[in-house]
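K.L.:
entry_25.tsv is reproduced below (TSV, C-alpha atoms and all ligand atoms).
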```tsv
chain	number	residue	atom	x	y	z
A	1	MET	CA	110.18	95.13	120.45
A	2	SER	CA	106.83	93.51	120.13
A	3	LEU	CA	105.68	92.45	116.72
A	4	ILE	CA	102.01	93.02	117.28
A	5	PRO	CA	100.88	96.19	119.00
A	6	GLU	CA	100.27	95.29	122.62
A	7	GLY	CA	96.64	95.26	123.55
A	8	ASP	CA	95.58	94.80	119.93
A	9	PRO	CA	93.17	91.87	120.30
A	10	VAL	CA	92.42	91.79	116.58
A	11	ALA	CA	96.07	91.41	115.72
A	12	SER	CA	96.72	88.64	118.29
A	13	ARG	CA	93.69	86.72	117.10
A	14	ARG	CA	94.81	87.12	113.52
A	15	LEU	CA	98.19	85.59	114.31
A	16	SER	CA	96.82	82.52	116.00
A	17	GLU	CA	94.19	81.95	113.33
A	18	ALA	CA	96.75	82.07	110.59
A	19	GLU	CA	99.05	79.85	112.62
A	20	LEU	CA	101.92	82.13	111.91
A	21	VAL	CA	104.98	82.21	114.14
A	22	ALA	CA	105.70	85.85	114.60
A	23	SER	CA	109.12	87.42	114.45
A	24	VAL	CA	110.45	90.63	113.07
A	25	SER	CA	113.10	90.89	110.45
A	26	PRO	CA	116.26	92.22	112.21
A	27	ASP	CA	116.46	95.35	110.10
A	28	ALA	CA	112.90	96.39	110.88
A	29	PRO	CA	112.87	99.74	112.66
A	30	ASP	CA	111.53	99.67	116.22
A	31	SER	CA	107.96	100.82	116.16
A	32	ASP	CA	104.91	99.95	118.16
A	33	VAL	CA	102.41	100.31	115.37
A	34	ASP	CA	103.89	98.98	112.16
A	35	SER	CA	104.94	95.37	111.86
A	36	VAL	CA	106.06	92.66	109.48
A	37	ILE	CA	104.88	89.13	110.15
A	38	VAL	CA	107.14	86.31	108.95
A	39	ASP	CA	107.11	82.58	109.56
A	40	PRO	CA	110.68	81.33	110.27
A	41	ARG	CA	109.60	77.66	110.19
A	42	ARG	CA	109.27	77.93	106.42
A	43	ALA	CA	112.93	78.52	105.54
A	44	GLY	CA	114.22	74.90	105.54
A	45	ALA	CA	111.05	73.44	104.11
A	46	ALA	CA	111.14	75.97	101.28
A	47	THR	CA	114.42	74.63	99.79
A	48	LEU	CA	113.08	71.09	99.73
A	49	GLU	CA	109.80	72.27	98.20
A	50	PHE	CA	111.82	74.14	95.54
A	51	ALA	CA	113.94	71.05	94.75
A	52	ARG	CA	110.86	68.83	94.47
A	53	SER	CA	109.09	71.29	92.20
A	54	VAL	CA	112.17	71.57	89.92
A	55	ALA	CA	112.49	67.76	89.78
A	56	LEU	CA	108.82	67.36	88.94
A	57	GLY	CA	108.80	70.11	86.31
A	58	LEU	CA	112.04	69.19	84.52
A	59	SER	CA	111.12	65.53	84.23
A	60	ASP	CA	107.61	66.27	82.94
A	61	THR	CA	106.61	66.25	79.24
A	62	PRO	CA	106.67	69.05	78.15
A	63	PRO	CA	108.99	70.38	80.86
A	64	TRP	CA	108.14	73.43	82.97
A	65	LEU	CA	109.22	75.32	86.08
A	66	HIS	CA	106.83	77.11	88.42
A	67	SER	CA	106.93	80.87	87.85
A	68	ARG	CA	106.74	81.71	91.54
A	69	PHE	CA	110.39	80.66	91.87
A	70	LEU	CA	111.39	83.54	89.59
A	71	TYR	CA	111.04	85.90	92.55
A	72	ASP	CA	114.01	85.48	94.86
A	73	ASP	CA	115.69	88.75	95.93
A	74	ILE	CA	117.61	89.03	92.63
A	75	GLY	CA	114.55	88.08	90.56
A	76	SER	CA	112.39	90.62	92.42
A	77	ARG	CA	114.96	93.33	91.69
A	78	LEU	CA	115.10	92.32	88.03
A	79	PHE	CA	111.32	92.43	87.84
A	80	GLU	CA	111.39	96.00	89.17
A	81	GLU	CA	113.85	96.80	86.37
A	82	ILE	CA	111.56	95.15	83.79
A	83	CYS	CA	108.79	97.50	84.94
A	84	GLU	CA	110.98	100.45	83.95
A	85	GLN	CA	111.78	99.20	80.43
A	86	PRO	CA	110.27	101.33	77.64
A	87	GLU	CA	108.65	98.27	76.00
A	88	TYR	CA	107.00	97.08	79.24
A	89	TYR	CA	103.93	99.33	79.15
A	90	LEU	CA	101.94	97.44	81.84
A	91	THR	CA	103.28	99.17	84.98
A	92	ARG	CA	103.21	102.70	83.54
A	93	THR	CA	99.74	102.28	82.09
A	94	GLU	CA	98.28	100.87	85.29
A	95	ALA	CA	99.98	103.58	87.38
A	96	GLY	CA	98.45	106.22	85.07
A	97	ILE	CA	94.96	104.77	85.59
A	98	LEU	CA	95.48	104.66	89.37
A	99	GLU	CA	96.67	108.26	89.40
A	100	GLN	CA	93.53	109.34	87.52
A	101	CYS	CA	91.01	107.18	89.36
A	102	ALA	CA	92.22	106.77	92.97
A	103	SER	CA	89.72	109.31	94.37
A	104	ARG	CA	86.82	107.71	92.47
A	105	ILE	CA	87.82	104.31	93.83
A	106	ARG	CA	87.93	105.78	97.36
A	107	GLU	CA	84.43	107.26	96.88
A	108	ALA	CA	83.08	103.93	95.64
A	109	THR	CA	84.43	101.83	98.52
A	110	GLY	CA	84.19	104.19	101.49
A	111	PRO	CA	86.70	103.59	104.31
A	112	VAL	CA	88.33	100.17	104.01
A	113	THR	CA	91.53	98.39	105.00
A	114	LEU	CA	93.75	98.07	101.92
A	115	ILE	CA	95.20	94.55	101.61
A	116	GLU	CA	97.66	94.07	98.76
A	117	LEU	CA	98.65	90.67	97.34
A	118	GLY	CA	102.22	90.54	95.97
A	119	SER	CA	102.80	94.14	97.01
A	120	GLY	CA	106.51	94.33	96.02
A	121	ASN	CA	107.75	97.90	96.53
A	122	SER	CA	104.12	99.16	96.83
A	123	GLY	CA	105.02	101.87	94.27
A	124	LYS	CA	101.71	102.15	92.41
A	125	THR	CA	99.74	101.76	95.64
A	126	ASP	CA	100.98	105.20	96.66
A	127	TYR	CA	98.18	106.85	94.64
A	128	LEU	CA	95.58	104.86	96.55
A	129	LEU	CA	97.22	105.42	99.94
A	130	ALA	CA	97.23	109.17	99.23
A	131	ALA	CA	93.54	109.16	98.24
A	132	TYR	CA	92.46	107.18	101.33
A	133	ALA	CA	94.74	109.13	103.70
A	134	ALA	CA	93.28	112.40	102.38
A	135	THR	CA	89.77	111.47	103.48
A	136	GLU	CA	90.28	109.35	106.64
A	137	PRO	CA	92.06	110.17	109.89
A	138	SER	CA	93.87	106.80	109.80
A	139	VAL	CA	94.27	104.09	107.19
A	140	ARG	CA	95.44	100.49	107.57
A	141	TYR	CA	97.52	98.97	104.78
A	142	VAL	CA	98.36	95.26	104.79
A	143	PRO	CA	100.96	94.42	102.10
A	144	ILE	CA	101.51	90.68	101.56
A	145	ASP	CA	104.69	89.54	99.85
A	146	VAL	CA	107.02	86.55	100.10
A	147	SER	CA	109.99	88.89	100.57
A	148	ALA	CA	110.30	90.31	104.13
A	149	GLY	CA	113.11	92.59	102.88
A	150	ILE	CA	110.92	94.33	100.33
A	151	LEU	CA	108.09	94.67	102.88
A	152	ASN	CA	110.39	96.46	105.31
A	153	GLN	CA	111.61	98.83	102.61
A	154	ALA	CA	108.05	99.60	101.53
A	155	LYS	CA	106.96	100.11	105.14
A	156	ASP	CA	109.77	102.63	105.78
A	157	ALA	CA	108.97	104.58	102.60
A	158	ILE	CA	105.24	104.66	103.38
A	159	SER	CA	105.68	105.81	106.97
A	160	VAL	CA	107.62	108.82	105.70
A	161	ARG	CA	105.18	109.72	102.90
A	162	HIS	CA	101.94	108.88	104.72
A	163	PRO	CA	102.33	109.13	108.51
A	164	THR	CA	98.65	108.34	109.14
A	165	VAL	CA	98.90	104.98	107.36
A	166	THR	CA	99.54	101.97	109.63
A	167	VAL	CA	101.39	99.22	107.77
A	168	THR	CA	101.08	95.58	108.82
A	169	GLY	CA	103.24	93.57	106.42
A	170	VAL	CA	102.74	89.84	106.02
A	171	ALA	CA	105.75	87.93	104.63
A	172	ASP	CA	104.03	84.91	103.15
A	173	THR	CA	102.27	83.53	100.09
A	174	TYR	CA	98.83	84.84	99.12
A	175	GLU	CA	97.00	81.69	100.04
A	176	ARG	CA	98.45	81.46	103.51
A	177	ALA	CA	97.33	85.04	104.12
A	178	PHE	CA	93.70	84.46	103.05
A	179	PRO	CA	92.56	83.62	106.62
A	180	LEU	CA	93.50	87.18	107.63
A	181	PHE	CA	90.99	88.82	105.28
A	182	LYS	CA	87.94	88.51	107.52
A	183	GLU	CA	89.81	90.19	110.39
A	184	PHE	CA	90.30	93.30	108.28
A	185	SER	CA	86.79	93.65	106.85
A	186	PRO	CA	85.59	96.11	105.58
A	187	ALA	CA	88.46	95.67	103.17
A	188	MET	CA	89.60	96.04	99.59
A	189	VAL	CA	92.06	93.45	98.28
A	190	LEU	CA	94.43	94.87	95.67
A	191	PHE	CA	95.71	92.46	93.04
A	192	LEU	CA	97.51	94.69	90.59
A	193	GLY	CA	99.93	94.45	87.67
A	194	SER	CA	98.02	91.68	85.88
A	195	SER	CA	99.67	89.16	88.20
A	196	ILE	CA	96.51	87.06	87.77
A	197	GLY	CA	97.78	86.47	84.21
A	198	ASN	CA	100.63	84.34	85.53
A	199	PHE	CA	98.15	81.72	86.80
A	200	ASP	CA	96.97	78.90	84.57
A	201	GLN	CA	93.25	78.17	84.46
A	202	ARG	CA	93.29	75.74	87.38
A	203	GLU	CA	95.38	78.07	89.58
A	204	SER	CA	93.08	80.94	88.68
A	205	ASP	CA	89.99	78.93	89.68
A	206	VAL	CA	91.57	77.95	93.02
A	207	PHE	CA	92.64	81.55	93.62
A	208	TRP	CA	89.19	83.09	93.01
A	209	GLN	CA	87.47	80.43	95.08
A	210	GLY	CA	89.92	81.17	97.92
A	211	VAL	CA	89.46	84.95	97.71
A	212	SER	CA	85.70	84.64	97.45
A	213	ASP	CA	85.54	82.37	100.53
A	214	ALA	CA	87.95	84.52	102.51
A	215	LEU	CA	86.21	87.87	101.96
A	216	SER	CA	83.08	89.07	103.71
A	217	PRO	CA	80.04	90.12	101.67
A	218	ARG	CA	80.39	93.67	100.29
A	219	ASP	CA	84.21	93.67	100.56
A	220	PHE	CA	86.02	94.83	97.43
A	221	VAL	CA	88.78	93.63	95.12
A	222	LEU	CA	90.71	95.96	92.81
A	223	LEU	CA	92.05	93.80	89.98
A	224	GLY	CA	94.56	94.89	87.31
A	225	VAL	CA	94.41	93.01	83.99
A	226	ASP	CA	96.40	93.37	80.79
A	227	LEU	CA	93.95	93.42	77.87
A	228	VAL	CA	94.14	91.58	74.54
A	229	LYS	CA	95.64	93.84	71.89
A	230	GLU	CA	98.00	93.95	68.90
A	231	GLU	CA	100.46	91.09	69.25
A	232	SER	CA	103.66	93.00	68.40
A	233	LEU	CA	103.22	94.99	71.63
A	234	PHE	CA	103.39	91.77	73.65
A	235	ASN	CA	106.38	90.42	71.78
A	236	ALA	CA	108.26	93.68	72.41
A	237	ALA	CA	107.24	93.91	76.09
A	238	TYR	CA	108.57	90.42	76.88
A	239	ASN	CA	111.74	90.74	74.75
A	240	ASP	CA	113.02	94.15	75.86
A	241	ALA	CA	116.03	95.47	73.94
A	242	ALA	CA	118.13	95.84	77.11
A	243	GLY	CA	117.71	92.12	77.79
A	244	VAL	CA	116.36	92.51	81.35
A	245	THR	CA	113.55	90.00	80.80
A	246	ALA	CA	116.11	87.54	79.43
A	247	GLN	CA	118.18	88.01	82.62
A	248	PHE	CA	115.01	87.49	84.68
A	249	THR	CA	114.41	84.12	83.00
A	250	LYS	CA	118.08	83.14	83.34
A	251	ASN	CA	118.09	84.04	87.02
A	252	LEU	CA	115.70	81.16	87.67
A	253	PHE	CA	118.46	78.77	86.57
A	254	ALA	CA	121.10	80.75	88.47
A	255	ARG	CA	118.86	80.36	91.52
A	256	ILE	CA	118.64	76.60	90.95
A	257	ASN	CA	122.46	76.58	90.90
A	258	ARG	CA	122.72	78.78	94.02
A	259	GLU	CA	120.15	77.01	96.16
A	260	LEU	CA	120.17	73.45	94.87
A	261	GLY	CA	123.82	73.10	93.72
A	262	ALA	CA	122.72	72.16	90.20
A	263	GLY	CA	125.75	73.23	88.10
A	264	ILE	CA	123.73	74.34	85.04
A	265	ASP	CA	125.83	76.15	82.39
A	266	LEU	CA	123.98	79.47	82.24
A	267	ASP	CA	125.45	80.27	78.80
A	268	ALA	CA	123.48	77.29	77.52
A	269	VAL	CA	120.15	78.83	78.66
A	270	GLU	CA	118.36	81.14	76.20
A	271	HIS	CA	115.23	83.26	76.88
A	272	VAL	CA	112.39	82.78	74.34
A	273	ALA	CA	109.09	84.69	74.60
A	274	HIS	CA	106.21	84.96	72.14
A	275	TYR	CA	102.49	85.66	72.08
A	276	ASN	CA	100.22	82.70	71.45
A	277	SER	CA	97.10	84.30	69.92
A	278	GLU	CA	95.01	81.15	70.12
A	279	TRP	CA	95.51	80.94	73.90
A	280	GLN	CA	95.67	84.73	74.35
A	281	ARG	CA	98.83	84.51	76.39
A	282	VAL	CA	102.52	85.26	76.24
A	283	GLU	CA	104.57	82.10	76.72
A	284	ILE	CA	108.06	82.29	78.13
A	285	TYR	CA	110.57	79.47	77.81
A	286	ALA	CA	114.22	78.69	78.49
A	287	ARG	CA	115.76	76.93	75.50
A	288	PHE	CA	118.70	74.66	76.33
A	289	LEU	CA	121.51	75.08	73.79
A	290	SER	CA	123.34	71.99	75.08
A	291	ARG	CA	122.49	68.96	77.19
A	292	GLN	CA	122.61	69.68	80.91
A	293	ASP	CA	122.82	67.21	83.77
A	294	VAL	CA	120.92	69.03	86.50
A	295	TYR	CA	121.98	67.78	89.94
A	296	LEU	CA	119.54	68.53	92.76
A	297	GLU	CA	121.53	68.32	95.98
A	298	PRO	CA	118.64	68.19	98.50
A	299	LEU	CA	117.22	65.17	96.63
A	300	ASP	CA	120.59	63.67	95.56
A	301	ARG	CA	119.11	63.26	92.10
A	302	THR	CA	120.21	64.21	88.58
A	303	ILE	CA	117.80	65.12	85.81
A	304	VAL	CA	119.09	65.08	82.24
A	305	VAL	CA	117.78	67.93	80.09
A	306	PRO	CA	118.56	67.20	76.41
A	307	LYS	CA	119.84	69.80	73.95
A	308	ARG	CA	117.08	71.97	72.37
A	309	THR	CA	114.64	71.32	75.25
A	310	MET	CA	112.20	74.20	75.78
A	311	VAL	CA	111.35	74.58	79.48
A	312	MET	CA	108.26	76.72	80.04
A	313	THR	CA	108.97	79.16	82.88
A	314	GLU	CA	105.95	81.48	82.69
A	315	ILE	CA	102.69	82.33	81.02
A	316	SER	CA	101.19	85.80	81.00
A	317	ARG	CA	97.52	85.68	80.04
A	318	LYS	CA	95.78	88.61	78.39
A	319	TYR	CA	92.12	89.36	78.97
A	320	ASP	CA	88.88	90.27	77.29
A	321	LEU	CA	86.83	92.43	79.69
A	322	GLU	CA	83.42	90.89	78.96
A	323	LYS	CA	84.66	87.31	79.35
A	324	MET	CA	86.45	88.26	82.56
A	325	LYS	CA	83.28	89.79	84.02
A	326	GLU	CA	81.34	86.60	83.33
A	327	TYR	CA	84.08	84.47	84.83
A	328	LEU	CA	84.21	86.54	88.02
A	329	ARG	CA	80.45	86.35	88.41
A	330	CYS	CA	80.89	82.56	88.86
A	331	TYR	CA	82.81	83.36	92.06
A	332	ASP	CA	80.16	85.77	93.42
A	333	PHE	CA	81.90	88.96	92.34
A	334	ALA	CA	80.05	91.83	90.67
A	335	VAL	CA	82.04	94.33	88.62
A	336	ARG	CA	81.13	97.75	90.06
A	337	GLU	CA	83.38	99.86	87.82
A	338	VAL	CA	85.97	99.41	85.09
A	339	PHE	CA	88.76	101.94	84.64
A	340	THR	CA	90.99	101.88	81.55
A	341	ASP	CA	93.54	104.05	79.78
A	342	LYS	CA	92.75	105.91	76.54
A	343	LYS	CA	94.16	103.13	74.35
A	344	ARG	CA	92.32	100.46	76.34
A	345	TRP	CA	95.54	98.53	76.86
A	346	PHE	CA	95.00	97.83	80.53
A	347	GLY	CA	91.96	97.46	82.79
A	348	LEU	CA	91.36	98.05	86.50
A	349	LEU	CA	88.23	96.30	87.70
A	350	LEU	CA	86.55	97.25	90.95
A	351	LEU	CA	84.80	94.09	92.13
A	352	GLN	CA	82.45	93.63	95.04
A	353	ARG	CA	81.85	90.36	96.84
A	354	LEU	CA	78.13	89.63	96.66
A	355	PRO	CA	76.24	88.09	99.53
A	356	GLN	CA	75.99	84.39	98.76
A	357	MET	CA	72.60	83.43	97.36
A	358	PRO	CA	70.98	80.68	99.38
A	359	ARG	CA	71.55	77.56	97.29
A	360	LYS	CA	68.34	75.69	96.45
A	361	SER	CA	68.18	72.27	98.05
A	362	ALA	CA	67.34	69.27	95.80
A	363	ASP	CA	63.66	69.07	96.91
A	364	GLN	CA	63.08	72.81	96.15
A	365	ARG	CA	64.13	72.35	92.52
B	401	LIG	C1	104.34	89.79	87.35
B	401	LIG	N1	103.75	89.61	86.01
B	401	LIG	C2	102.48	90.28	85.93
B	401	LIG	C3	104.66	89.89	84.90
B	401	LIG	C4	103.93	89.71	83.56
B	401	LIG	O1	103.91	90.65	82.78
B	401	LIG	O2	103.33	88.66	83.34
B	401	LIG	C5	105.87	88.98	84.94
B	401	LIG	C6	106.83	89.21	83.81
B	401	LIG	N2	107.55	88.27	83.26
B	401	LIG	C7	108.32	88.76	82.32
B	401	LIG	N3	108.05	90.06	82.24
B	401	LIG	C8	107.14	90.35	83.17
```
Give the structure from this file in C-alpha cells form.
P.N.:
Amino acid sequence: MSLIPEGDPVASRRLSEAELVASVSPDAPDSDVDSVIVDPRRAGAATLEFARSVALGLSDTPPWLHSRFLYDDIGSRLFEEICEQPEYYLTRTEAGILEQCASRIREATGPVTLIELGSGNSGKTDYLLAAYAATEPSVRYVPIDVSAGILNQAKDAISVRHPTVTVTGVADTYERAFPLFKEFSPAMVLFLGSSIGNFDQRESDVFWQGVSDALSPRDFVLLGVDLVKEESLFNAAYNDAAGVTAQFTKNLFARINRELGAGIDLDAVEHVAHYNSEWQRVEIYARFLSRQDVYLEPLDRTIVVPKRTMVMTEISRKYDLEKMKEYLRCYDFAVREVFTDKKRWFGLLLLQRLPQMPRKSADQR
C-alpha cells in the first residue's frame, strides 16, 4: 500500500519539503486516496525530549510542566470526556455556532482545502465538511494531530459520512506541518476549541508568525476563542463535578511514571484550577500533598519536589474580541466575520491573510 497516491506530484513534493519519513500506521485501511503521514524517527527522541522538559520545568521557580504532554492516548481520551461534561460549555457552544454558520463560512471562503490543527476526533468539523461537500464535487481535508491513532479513527468515520472528502492526515506537531500549508492553497486553517488559549504570550506570538508566514495571501483561518465572561462559569468548567478534569491533570504525572519511570505517588497529586481575572486566564496546577523524589530514568536524575509545591500544568486564556482583532492585525490577518452564540460566550473568527504590504526602506521614511 502506498502512502501517497501514486502520480500525485503535489503530495510527493509535500513530503520531501516537510522532510517527513512516510509510513502508514498498521491499522490504517488500505486505500489509494486517503493517507496518514507519520514520522517514525521521532519516537525515541520524543521520550528524551519529554524527560528534559520535565526536568527543566520541575526544577524551575515557580515549577511548571508543558501542557502539550497532557495529550498521550489516555489524556486525549480524557479530554474528549471533559468535552462532554455539563460544566464544560466550550465544545457544545462552538459546535452550535458551527452548525448555524457552516454554510455562511463556505460562502465567504469559496472552495478551499480544510487544514485542521489539533484535529482530535474531528467531531465539530463535521458541520464544515458537510457544508463544503454539499457545494463541491470533491473536498480535501488535512487533519493534523500528534496522535496517528486518532487520525485513523477520524479518517474512517469521515470516509463513511462524506465519501467525496479526501482525508490526508498528518501525525505531527502543528509547527512541523506549517511547511505543508502553501501546497494546499487556497486553504482555510481551522484552529478550533480555543486551543490558542493554552499558549502563553510568547508561544502565541511564535504561532501567529509561523501561520502568517506559512499561508499564502488570501488564505483563511477559522479561529475558535473562549470569551471573557462571569468567572464562576470558568471555575465550574475546569472543576467538573465528575472529576474528569482532575483525572486529566493527574494523568500527566501517571504518564511521567509510565514513560520516565518516575515513581510519583499519584495520591499525593491534587488538581487545582481557578480563574485569574487580572490575567484573564484559568490557571491549572498540581498541588503536591507530600514530598516526592521524581526519578527521570532517561536522564538518570532525581528532582525533589517539596510538600505543598504547586506545579503549573496549563493555562487557558480567555479573550476580548476587540483586543484579539488588533493583535491579529499585527500578523497581517484581517477579521472578515465574527460568529458567536446568543450569550456571547464563545467566538469563531474568520480571518484572511492579507497580502504583505511592501515595507518602507529606511531612505523612503
Ligand atoms: C484544549 N483546551 C482548549 C482545553 C481548555 O479549555 O483550555 C484544555 C482543558 N484543560 C482542562 N480542561 C480543558
K.L.:
Once you count all atoms listed in the file, which residues end up within 10 Å of ligand LIG 401 (chain B), and could you hand them over as a PDB file with C-alpha atoms, keeping the file's coordinate frame?
P.N.:
```pdb
ATOM      1  CA  SER A  67     106.930  80.870  87.850  1.00  0.00           C
ATOM      2  CA  ARG A  68     106.740  81.710  91.540  1.00  0.00           C
ATOM      3  CA  LEU A  70     111.390  83.540  89.590  1.00  0.00           C
ATOM      4  CA  TYR A  71     111.040  85.900  92.550  1.00  0.00           C
ATOM      5  CA  SER A  76     112.390  90.620  92.420  1.00  0.00           C
ATOM      6  CA  LEU A  78     115.100  92.320  88.030  1.00  0.00           C
ATOM      7  CA  PHE A  79     111.320  92.430  87.840  1.00  0.00           C
ATOM      8  CA  GLU A  80     111.390  96.000  89.170  1.00  0.00           C
ATOM      9  CA  GLU A  81     113.850  96.800  86.370  1.00  0.00           C
ATOM     10  CA  ILE A  82     111.560  95.150  83.790  1.00  0.00           C
ATOM     11  CA  CYS A  83     108.790  97.500  84.940  1.00  0.00           C
ATOM     12  CA  TYR A  88     107.000  97.080  79.240  1.00  0.00           C
ATOM     13  CA  TYR A  89     103.930  99.330  79.150  1.00  0.00           C
ATOM     14  CA  LEU A  90     101.940  97.440  81.840  1.00  0.00           C
ATOM     15  CA  THR A  91     103.280  99.170  84.980  1.00  0.00           C
ATOM     16  CA  GLY A 118     102.220  90.540  95.970  1.00  0.00           C
ATOM     17  CA  LEU A 192      97.510  94.690  90.590  1.00  0.00           C
ATOM     18  CA  GLY A 193      99.930  94.450  87.670  1.00  0.00           C
ATOM     19  CA  SER A 194      98.020  91.680  85.880  1.00  0.00           C
ATOM     20  CA  SER A 195      99.670  89.160  88.200  1.00  0.00           C
ATOM     21  CA  ILE A 196      96.510  87.060  87.770  1.00  0.00           C
ATOM     22  CA  GLY A 197      97.780  86.470  84.210  1.00  0.00           C
ATOM     23  CA  ASN A 198     100.630  84.340  85.530  1.00  0.00           C
ATOM     24  CA  PHE A 199      98.150  81.720  86.800  1.00  0.00           C
ATOM     25  CA  GLY A 224      94.560  94.890  87.310  1.00  0.00           C
ATOM     26  CA  VAL A 225      94.410  93.010  83.990  1.00  0.00           C
ATOM     27  CA  ASP A 226      96.400  93.370  80.790  1.00  0.00           C
ATOM     28  CA  PHE A 234     103.390  91.770  73.650  1.00  0.00           C
ATOM     29  CA  ALA A 237     107.240  93.910  76.090  1.00  0.00           C
ATOM     30  CA  TYR A 238     108.570  90.420  76.880  1.00  0.00           C
ATOM     31  CA  ASN A 239     111.740  90.740  74.750  1.00  0.00           C
ATOM     32  CA  ASP A 240     113.020  94.150  75.860  1.00  0.00           C
ATOM     33  CA  VAL A 244     116.360  92.510  81.350  1.00  0.00           C
ATOM     34  CA  THR A 245     113.550  90.000  80.800  1.00  0.00           C
ATOM     35  CA  ALA A 246     116.110  87.540  79.430  1.00  0.00           C
ATOM     36  CA  GLN A 247     118.180  88.010  82.620  1.00  0.00           C
ATOM     37  CA  PHE A 248     115.010  87.490  84.680  1.00  0.00           C
ATOM     38  CA  THR A 249     114.410  84.120  83.000  1.00  0.00           C
ATOM     39  CA  ALA A 273     109.090  84.690  74.600  1.00  0.00           C
ATOM     40  CA  ARG A 281      98.830  84.510  76.390  1.00  0.00           C
ATOM     41  CA  VAL A 282     102.520  85.260  76.240  1.00  0.00           C
ATOM     42  CA  GLU A 283     104.570  82.100  76.720  1.00  0.00           C
ATOM     43  CA  ILE A 284     108.060  82.290  78.130  1.00  0.00           C
ATOM     44  CA  THR A 313     108.970  79.160  82.880  1.00  0.00           C
ATOM     45  CA  GLU A 314     105.950  81.480  82.690  1.00  0.00           C
ATOM     46  CA  ILE A 315     102.690  82.330  81.020  1.00  0.00           C
ATOM     47  CA  SER A 316     101.190  85.800  81.000  1.00  0.00           C
ATOM     48  CA  ARG A 317      97.520  85.680  80.040  1.00  0.00           C
ATOM     49  CA  LYS A 318      95.780  88.610  78.390  1.00  0.00           C
TER      50      LYS A 318
END
```
K.L.:
Can you write out as a tab-separated table which residues of range 225-296 of chain A fall within 12 Å of range 57-60 of chain A, alongside each residue's closest atom pair and its distance in Å to one decimal, counting only C-alpha atoms and ordering rows by chain and ascending residue number?
P.N.:
```
residue	atom	partner	partner_atom	distance
A:Phe253	CA	A:Leu58	CA	11.7
A:Ile256	CA	A:Leu58	CA	11.8
A:Ala286	CA	A:Leu58	CA	11.5
A:Phe288	CA	A:Leu58	CA	11.9
A:Gln292	CA	A:Leu58	CA	11.2
A:Asp293	CA	A:Leu58	CA	11.0
A:Val294	CA	A:Leu58	CA	9.1
A:Tyr295	CA	A:Leu58	CA	11.4
A:Leu296	CA	A:Leu58	CA	11.2
```
K.L.:
Can you work out which one of A:Tyr327, A:Gly123, A:Glu297, A:Val311 has the shortest atom-to-atom distance to Gln201 in chain A, counting only C-alpha atoms?
P.N.:
A:Tyr327
K.L.:
What is the distance between CA of Ala148 in chain A and CA of Ala171 in chain A, in Å to one decimal?
P.N.:
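Separating CA of Ala148 in chain A from CA of Ala171 in chain A is a distance of 5.2 Å.
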K.L.:
Just the residues within 8 Å of Ile97 in chain A, please, counting all atoms listed in the file, with nothing from its chain fewer than 6 positions along; format it as a PyMOL selection string.
P.N.:
chain A and resi 339-341+348
K.L.:
Mind dumping the selected residues with C-alpha atoms as an mmCIF file, in the coordinates of the input?
P.N.:
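Saved the output as part38.cif:
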```cif
data_model
loop_
_atom_site.group_PDB
_atom_site.id
_atom_site.type_symbol
_atom_site.label_atom_id
_atom_site.label_comp_id
_atom_site.auth_asym_id
_atom_site.auth_seq_id
_atom_site.Cartn_x
_atom_site.Cartn_y
_atom_site.Cartn_z
ATOM 1 C CA PHE A 339 88.760 101.940 84.640
ATOM 2 C CA THR A 340 90.990 101.880 81.550
ATOM 3 C CA ASP A 341 93.540 104.050 79.780
ATOM 4 C CA LEU A 348 91.360 98.050 86.500
#
```
K.L.:
Just the number, please: distance in Å from CA of Leu114 in chain A to CA of Glu175 in chain A, one decimal.
P.N.:
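One can read the CA of Leu114 in chain A to CA of Glu175 in chain A distance as 16.8 Å.
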K.L.:
Could you please determine the separation between CA of Arg140 in chain A and CA of Val165 in chain A in Å, to one decimal place?
P.N.:
5.7 Å
K.L.:
With distances taken over only C-alpha atoms, which of A:Ile115, A:Ala177, A:Leu151, A:Ala241 is nearest to Gly210 in chain A?
P.N.:
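Going through A:Ile115, A:Ala177, A:Leu151, A:Ala241 one by one, the smallest distance to Gly210 in chain A is for A:Ala177.
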K.L.:
My list of candidates is A:Arg308, A:Ser212, A:Arg104, A:Arg287. Which is closest to Val338 in chain A when distances are computed with all atoms listed in the file?
P.N.:
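For Val338 in chain A, the nearest of the candidates is A:Arg104.
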K.L.:
Tell me which of A:Glu84, A:Asp332, A:Glu107, A:Asp200 sits closest to Arg353 in chain A, counting all atoms listed in the file.
P.N.:
A:Asp332
K.L.:
May I have the residues at most 10 Å from (99.0, 104.0, 92.7) in the file's coordinates, counting all atoms listed in the file, as a list in words?
P.N.:
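Those residues, ordered by chain and then number, are Glu94, Ala95, Gly96, Ile97, Leu98, Glu99, Gln100, Cys101, Ala102, Ser122, Gly123, Lys124, Thr125, Asp126, Tyr127, Leu128, Leu129, Ala130, Ala131 and Leu192 of chain A.
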K.L.:
Have a look at A:Ala154, A:Lys229, A:Gln280, A:Thr302 and name the one nearest to Ile264 in chain A; count only C-alpha atoms.
P.N.:
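That would be A:Thr302, the residue with the smallest distance to Ile264 in chain A.
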K.L.:
Pick from A:Arg301, A:Lys182, A:Asp73, A:Ala133: nearest to Gly261 in chain A, with all atoms listed in the file counted?
P.N.:
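Closest residue, counting all atoms listed in the file: A:Arg301.
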K.L.:
Just add N, CA and C atoms to range 73-77 of chain A and send it as an mmCIF file, in the coordinates of the input.
P.N.:
```cif
data_model
loop_
_atom_site.group_PDB
_atom_site.id
_atom_site.type_symbol
_atom_site.label_atom_id
_atom_site.label_comp_id
_atom_site.auth_asym_id
_atom_site.auth_seq_id
_atom_site.Cartn_x
_atom_site.Cartn_y
_atom_site.Cartn_z
ATOM 1 N N ASP A 73 115.355 87.327 95.806
ATOM 2 C CA ASP A 73 115.690 88.750 95.930
ATOM 3 C C ASP A 73 116.205 89.321 94.602
ATOM 4 N N ILE A 74 117.066 88.532 93.905
ATOM 5 C CA ILE A 74 117.610 89.030 92.630
ATOM 6 C C ILE A 74 116.495 89.129 91.590
ATOM 7 N N GLY A 75 115.652 88.089 91.523
ATOM 8 C CA GLY A 75 114.550 88.080 90.560
ATOM 9 C C GLY A 75 113.583 89.237 90.820
ATOM 10 N N SER A 76 113.315 89.527 92.095
ATOM 11 C CA SER A 76 112.390 90.620 92.420
ATOM 12 C C SER A 76 112.978 91.948 91.958
ATOM 13 N N ARG A 77 114.313 92.091 92.142
ATOM 14 C CA ARG A 77 114.960 93.330 91.690
ATOM 15 C C ARG A 77 114.917 93.437 90.166
#
```
